[in-house]
Amino acid sequence: MKDLLTSAAIGGDLTVPRYHLVDLVVSRPEHQVEGNPFDLDLSATFRGPHDRIITVPGFYDLDLGFVVRFSPEAVGNWSYSVTSTDATLNGRGGSLTCVADDLPSWHGPLKVDQAHPHHFLWGDDTRCFLMGYEANWLMAVDQEPSDLTRVNEMLDDLVTYGFNMVTVNAYAYVHPSRWDVTWQESGDPIFVTPTIAPWVGSNAEPDYAQMNAAYFAHCDRIMIEMLRRGLLAHLMIHVYNKGIPWPEMCSADDNRYWRYVVARYQAFANIILDPGKETFNRPATYVQDRIRFIKSLDGYQRITTVHDPCHMKPWHDWPYHRRNWDPEREVADGMVDFKSDQIHLFWYEDAVGNYRAAERPYVNIEYGYETGMREIPTNNPLRVQHWREVLRRSWLVAMGGGYINYYYLNTAWTVFLQRPIPPGYAAHLAYRKFWESTSYWLLAPDNAPVGNAELVYCRCNPGQEYVVFDEAGRGFDLDATGDGVYNARWFNPVGDEYVDAGRVSAGKETFRSPFGRGCWAVLHLKRQ
């Protein structure tokens with residue numbers, strides 16, 4: 001496989017595989033410009049097959065110089081031209097040929113299924129059952145030495161166990177004032193202490209005027225490894241709950257950072273752009289402004305979301321949400337392609353409420369914290385769950401029509417201990433495989449067929465297919481409409497066990513799980 005990211009002087013004769021990336025070097029670092037080179041107005045417009053036109057911003061790299069990063073998304077000939085306020089760079093251009101890619105694990109950029117808007121498709125129109133994984137500090141791991149040993153090991157594990165999205169911070173650092181870090185300073189390698197920052201200077205004393213090439217080169221390598229494996233990168237540009245000394249909102253320093261991140265990473269076909277983690281910590285109007293800022297720079301119009309705008313809805317009887325909600329957050333949330341929220345209670349009710357409120361996908365991005373295989377210090381040890389409890393919540397989110405973003409304590413923040421494999425991995429692989437064996441995109445949450453029985457949840461396409469989650473294992477009545485015959489099977493979500501239940505005629509039937517009272521059970525009926 002060719003390198004997924006290469007660099008070349010502008011104007012050369014280039015051949016680039018589809019979805020690979022090329023840094024077109026417009027001018028070397030020694031090129032002198034008036035003012036801060038990171039503020040130079042530089043972009044390039046690419047014209048390709050099917051009348052496709054993509055205009056992307058350029059950026060300045062202390063090692064490479066002035067660069068435009070591009071990834072062709074269609075096989076054929078592309079031409080490009082540079083626009084800049086620097087007269088010596090303005091008008092430069094060239095052409096390249098896009099050939100078929102060599103990425104067997106990649107199916108194209110994520111998009112919303114317009115025919116079934118609560119769900120996703122890959123760029124090649126194959127189905128994507130989204131199952132995310134939160135690894136906020138991934139960009140801070142293996143910085144020194146930068147061999148990506150631990151990163152690659154974990155990414156391989158994620159693919160093996162069915163995860164297809166990794167949620168990361170563009171910059172991961174906990175300011176010392178945020179919490180007690182004495183245990184991090186113990187020298188134990190499982191505690192990650194970032195040594196490089198996005199800005200020249202240091203994590204504690206950044207020089208916001210200059211972006212650090214070493215930091216972003218490290219991030220590039222991790223992004224490449226995710227793309228190589230077919231993993232989506234849900235990139236949160238800011239994080240608001242870790243005491244990071246961000247530049248003043250909407251200042252020149254702030255805009256410079258945002259522009260740089262979007263310019264450098266929009267070309268990655270696996271990118272999902274998100275203004276920031278826990279955005280309720282900033283004014284809703286600022287979040288709106290940042291979403292507009294992203295969209296104004298993103299020539300590919302990549303899929304977007306916003307983490308935790310923190311809404312109050314009738315199904316959210318929780319003071320945490322009431323305290324942080326205001327109508328402007330509805331506006332910000334409505335500006336993106338799918339909703340991401342952080343809900344720690346009422347998992348089913350929340351998912352159903354979002355399913356019915358808007359025709360778009362919903363992801364409960366932080367709904368439980370699976371305890372680690374090794375006991376470690378945590379910021380809040382009371383908010384730690386056994387893997388079965390996390391799995392239960394995952395099923396409740398799915399039964400409500402939503403998607404999940406799994407959170408494992410030993411790889412989420414300052415700790416990075418990817419082995420041994422936690423038991424939640426295998427259980428969630430079974431979870432994804434079950435749903436992919438159904439026509440899940442046609443199944444809406446609807447408990448009427450089970451008579452709204454307590455602790456029994458139903459998703460169905462009436463007359464065609466039913467999935468019922470019996471949380472208490474007490475059994476239930478199911479009224480499968482129509483006049484046909486259904487193939488029936490039971491699934492044990494804890495033990496990954498299937499039991500054939502034969503054929504069932506349409507109409508009202510009583511079902512009892514073969515796994516015993518008190519055990520979770522899932523019934524799947526599909527019409528012959």
# chains A, B, ... in the order shown; residues from 1 in each chain; ligands from 1
>>> residues_around(residues="Asp156 in chain A", least_positions_apart="5", cutoff="9 Å", atoms="only C-alpha atoms", output="PDB file with N, CA, C and O atoms, in the first residue's frame")
ATOM      1  N   VAL A 151      -0.724   3.069  20.213  1.00  0.00           N
ATOM      2  CA  VAL A 151      -1.843   3.537  19.399  1.00  0.00           C
ATOM      3  C   VAL A 151      -2.255   2.474  18.387  1.00  0.00           C
ATOM      4  O   VAL A 151      -3.439   2.130  18.266  1.00  0.00           O
ATOM      5  N   TYR A 161     -12.916  -5.766  17.294  1.00  0.00           N
ATOM      6  CA  TYR A 161     -14.133  -5.858  18.094  1.00  0.00           C
ATOM      7  C   TYR A 161     -15.273  -4.973  17.592  1.00  0.00           C
ATOM      8  O   TYR A 161     -16.212  -4.702  18.320  1.00  0.00           O
ATOM      9  N   ARG A 229      -7.330   1.763   8.588  1.00  0.00           N
ATOM     10  CA  ARG A 229      -8.122   0.679   9.166  1.00  0.00           C
ATOM     11  C   ARG A 229      -9.622   0.841   8.935  1.00  0.00           C
ATOM     12  O   ARG A 229     -10.417   0.037   9.419  1.00  0.00           O
TER      13      ARG A 229
END
>>> residues_around(residues="Asp102 in chain A", least_positions_apart="4", cutoff="9 Å", atoms="only C-alpha atoms", output="list of chain:residue names")
A:Met1, A:Lys2, A:Pro17, A:Arg18, A:Trp106
>>> closest_residue(among="A:Pro117, A:Gly482, A:Gly368, A:Pro72", to="Ala100 in chain A", atoms="only C-alpha atoms")
A:Pro72
>>> residues_around(residues="range 284-299 of chain A", least_positions_apart="4", cutoff="6 Å", atoms="only C-alpha atoms", output="MDAnalysis selection string")
chainID A and resid 54:56 328:329 332
>>> write_last_selection(atoms="N, CA and C atoms", output="tab-separated table (two decimals), in the first residue's frame")
chain	number	residue	atom	x	y	z
A	54	ILE	N	-14.06	21.77	-5.51
A	54	ILE	CA	-13.76	21.80	-4.08
A	54	ILE	C	-12.75	22.93	-3.84
A	55	THR	N	-13.10	23.86	-2.97
A	55	THR	CA	-12.19	24.93	-2.59
A	55	THR	C	-11.79	24.71	-1.14
A	56	VAL	N	-10.49	24.58	-0.91
A	56	VAL	CA	-9.99	24.28	0.44
A	56	VAL	C	-8.96	25.32	0.86
A	328	GLU	N	-31.00	29.04	22.55
A	328	GLU	CA	-29.96	29.19	21.53
A	328	GLU	C	-29.22	27.88	21.28
A	329	ARG	N	-29.23	26.98	22.26
A	329	ARG	CA	-28.55	25.70	22.05
A	329	ARG	C	-29.31	24.85	21.04
A	332	ALA	N	-27.85	25.88	17.66
A	332	ALA	CA	-26.55	25.27	17.37
A	332	ALA	C	-26.71	23.81	17.01
>>> atom_distance(atom1="CA of Ile53 in chain A", atom2="CA of Glu359 in chain A")
28.8 Å
>>> atom_distance(atom1="CA of Ala472 in chain A", atom2="CA of Asn492 in chain A")
12.6 Å
>>> residues_around(residues="Ile421 in chain A", least_positions_apart="5", cutoff="10 Å", atoms="only C-alpha atoms", output="tab-separated table (two decimals) with N, CA, C and O atoms, in the first residue's frame")
chain	number	residue	atom	x	y	z
A	154	MET	N	-4.02	-0.53	19.93
A	154	MET	CA	-5.41	-0.30	20.31
A	154	MET	C	-6.31	-0.17	19.09
A	154	MET	O	-7.42	-0.71	19.06
A	157	ASP	N	-7.20	-3.49	17.90
A	157	ASP	CA	-8.20	-4.10	18.77
A	157	ASP	C	-9.60	-3.55	18.47
A	157	ASP	O	-10.58	-4.31	18.45
A	161	TYR	N	-12.92	-5.77	17.29
A	161	TYR	CA	-14.13	-5.86	18.09
A	161	TYR	C	-15.27	-4.97	17.59
A	161	TYR	O	-16.21	-4.70	18.32
A	372	GLY	N	-12.09	-0.29	34.51
A	372	GLY	CA	-10.93	-0.87	33.88
A	372	GLY	C	-10.55	-2.24	34.44
A	372	GLY	O	-10.96	-2.61	35.54
A	373	MET	N	-9.78	-2.96	33.66
A	373	MET	CA	-9.29	-4.27	34.10
A	373	MET	C	-8.24	-4.13	35.22
A	373	MET	O	-7.98	-5.04	35.96
A	426	ALA	N	-16.03	-7.64	23.59
A	426	ALA	CA	-16.68	-8.79	22.95
A	426	ALA	C	-18.20	-8.65	22.99
A	426	ALA	O	-18.89	-9.00	22.03
>>> decode(residues="range 458-491 of chain A", atoms="N, CA, C and O atoms", output="tab-separated table (two decimals), in the first residue's frame")
chain	number	residue	atom	x	y	z
A	458	CYS	N	-39.48	-2.54	22.28
A	458	CYS	CA	-39.70	-3.08	20.93
A	458	CYS	C	-39.28	-2.07	19.87
A	458	CYS	O	-39.57	-0.86	19.99
A	459	ARG	N	-38.59	-2.56	18.86
A	459	ARG	CA	-38.38	-1.82	17.60
A	459	ARG	C	-38.94	-2.67	16.49
A	459	ARG	O	-38.71	-3.90	16.45
A	460	CYS	N	-39.67	-2.05	15.57
A	460	CYS	CA	-40.33	-2.90	14.58
A	460	CYS	C	-40.60	-2.16	13.28
A	460	CYS	O	-40.61	-0.92	13.21
A	461	ASN	N	-40.79	-2.95	12.25
A	461	ASN	CA	-41.38	-2.56	10.98
A	461	ASN	C	-42.65	-3.39	10.91
A	461	ASN	O	-42.60	-4.55	10.50
A	462	PRO	N	-43.79	-2.85	11.35
A	462	PRO	CA	-44.99	-3.67	11.56
A	462	PRO	C	-45.34	-4.53	10.35
A	462	PRO	O	-45.33	-4.08	9.21
A	463	GLY	N	-45.61	-5.79	10.65
A	463	GLY	CA	-45.96	-6.73	9.61
A	463	GLY	C	-44.78	-7.35	8.91
A	463	GLY	O	-44.95	-8.24	8.07
A	464	GLN	N	-43.55	-6.88	9.25
A	464	GLN	CA	-42.36	-7.38	8.57
A	464	GLN	C	-41.28	-7.88	9.53
A	464	GLN	O	-40.73	-8.97	9.34
A	465	GLU	N	-41.00	-7.11	10.58
A	465	GLU	CA	-39.86	-7.48	11.43
A	465	GLU	C	-40.02	-6.84	12.81
A	465	GLU	O	-40.47	-5.68	12.93
A	466	TYR	N	-39.63	-7.60	13.86
A	466	TYR	CA	-39.73	-7.13	15.24
A	466	TYR	C	-38.46	-7.51	15.99
A	466	TYR	O	-37.96	-8.63	15.86
A	467	VAL	N	-37.95	-6.58	16.81
A	467	VAL	CA	-36.90	-6.87	17.77
A	467	VAL	C	-37.41	-6.45	19.13
A	467	VAL	O	-37.84	-5.30	19.32
A	468	VAL	N	-37.40	-7.38	20.10
A	468	VAL	CA	-37.90	-7.11	21.44
A	468	VAL	C	-36.80	-7.42	22.45
A	468	VAL	O	-36.23	-8.52	22.43
A	469	PHE	N	-36.51	-6.46	23.31
A	469	PHE	CA	-35.53	-6.63	24.38
A	469	PHE	C	-36.29	-6.78	25.70
A	469	PHE	O	-36.97	-5.86	26.16
A	470	ASP	N	-36.20	-7.98	26.27
A	470	ASP	CA	-36.85	-8.29	27.54
A	470	ASP	C	-35.79	-8.15	28.63
A	470	ASP	O	-35.02	-9.07	28.89
A	471	GLU	N	-35.76	-7.00	29.27
A	471	GLU	CA	-34.70	-6.72	30.24
A	471	GLU	C	-34.84	-7.56	31.50
A	471	GLU	O	-33.85	-7.98	32.10
A	472	ALA	N	-36.07	-7.81	31.94
A	472	ALA	CA	-36.30	-8.56	33.17
A	472	ALA	C	-36.34	-10.07	32.96
A	472	ALA	O	-36.23	-10.84	33.92
A	473	GLY	N	-36.49	-10.49	31.71
A	473	GLY	CA	-36.55	-11.92	31.44
A	473	GLY	C	-37.81	-12.59	31.94
A	473	GLY	O	-37.81	-13.81	32.18
A	474	ARG	N	-38.89	-11.83	32.09
A	474	ARG	CA	-40.14	-12.40	32.61
A	474	ARG	C	-41.06	-12.91	31.51
A	474	ARG	O	-42.08	-13.53	31.79
A	475	GLY	N	-40.72	-12.62	30.25
A	475	GLY	CA	-41.60	-12.99	29.16
A	475	GLY	C	-42.55	-11.85	28.83
A	475	GLY	O	-42.68	-10.88	29.59
A	476	PHE	N	-43.24	-11.97	27.70
A	476	PHE	CA	-44.10	-10.88	27.22
A	476	PHE	C	-45.04	-11.41	26.16
A	476	PHE	O	-44.83	-12.48	25.57
A	477	ASP	N	-46.07	-10.63	25.90
A	477	ASP	CA	-46.97	-10.88	24.78
A	477	ASP	C	-46.58	-9.96	23.64
A	477	ASP	O	-46.34	-8.76	23.85
A	478	LEU	N	-46.50	-10.49	22.44
A	478	LEU	CA	-46.18	-9.70	21.25
A	478	LEU	C	-47.27	-9.90	20.21
A	478	LEU	O	-47.61	-11.04	19.87
A	479	ASP	N	-47.81	-8.81	19.72
A	479	ASP	CA	-48.83	-8.85	18.68
A	479	ASP	C	-48.17	-8.47	17.35
A	479	ASP	O	-48.00	-7.30	17.04
A	480	ALA	N	-47.77	-9.48	16.58
A	480	ALA	CA	-47.15	-9.28	15.28
A	480	ALA	C	-48.24	-9.21	14.22
A	480	ALA	O	-48.95	-10.20	14.00
A	481	THR	N	-48.40	-8.07	13.63
A	481	THR	CA	-49.52	-7.87	12.71
A	481	THR	C	-49.28	-8.58	11.38
A	481	THR	O	-48.20	-9.09	11.10
A	482	GLY	N	-50.33	-8.58	10.56
A	482	GLY	CA	-50.24	-9.19	9.24
A	482	GLY	C	-50.85	-10.58	9.23
A	482	GLY	O	-51.45	-11.04	10.21
A	483	ASP	N	-50.65	-11.26	8.12
A	483	ASP	CA	-51.23	-12.60	7.98
A	483	ASP	C	-50.19	-13.63	7.56
A	483	ASP	O	-50.52	-14.70	7.07
A	484	GLY	N	-48.92	-13.30	7.77
A	484	GLY	CA	-47.86	-14.20	7.32
A	484	GLY	C	-47.28	-15.02	8.45
A	484	GLY	O	-47.83	-15.13	9.55
A	485	VAL	N	-46.12	-15.58	8.16
A	485	VAL	CA	-45.38	-16.40	9.12
A	485	VAL	C	-44.01	-15.76	9.32
A	485	VAL	O	-43.38	-15.30	8.37
A	486	TYR	N	-43.55	-15.77	10.56
A	486	TYR	CA	-42.27	-15.17	10.92
A	486	TYR	C	-41.28	-16.25	11.34
A	486	TYR	O	-41.64	-17.22	12.02
A	487	ASN	N	-40.02	-16.06	10.93
A	487	ASN	CA	-38.92	-16.84	11.50
A	487	ASN	C	-38.53	-16.18	12.82
A	487	ASN	O	-38.37	-14.96	12.89
A	488	ALA	N	-38.37	-16.98	13.87
A	488	ALA	CA	-38.09	-16.43	15.20
A	488	ALA	C	-36.79	-17.01	15.75
A	488	ALA	O	-36.45	-18.17	15.52
A	489	ARG	N	-36.09	-16.18	16.49
A	489	ARG	CA	-34.88	-16.63	17.17
A	489	ARG	C	-34.69	-15.78	18.43
A	489	ARG	O	-35.14	-14.62	18.50
A	490	TRP	N	-34.03	-16.36	19.41
A	490	TRP	CA	-33.67	-15.67	20.63
A	490	TRP	C	-32.17	-15.36	20.62
A	490	TRP	O	-31.38	-16.12	20.06
A	491	PHE	N	-31.83	-14.25	21.27
A	491	PHE	CA	-30.42	-13.87	21.39
A	491	PHE	C	-30.14	-13.49	22.83
A	491	PHE	O	-30.89	-12.72	23.45
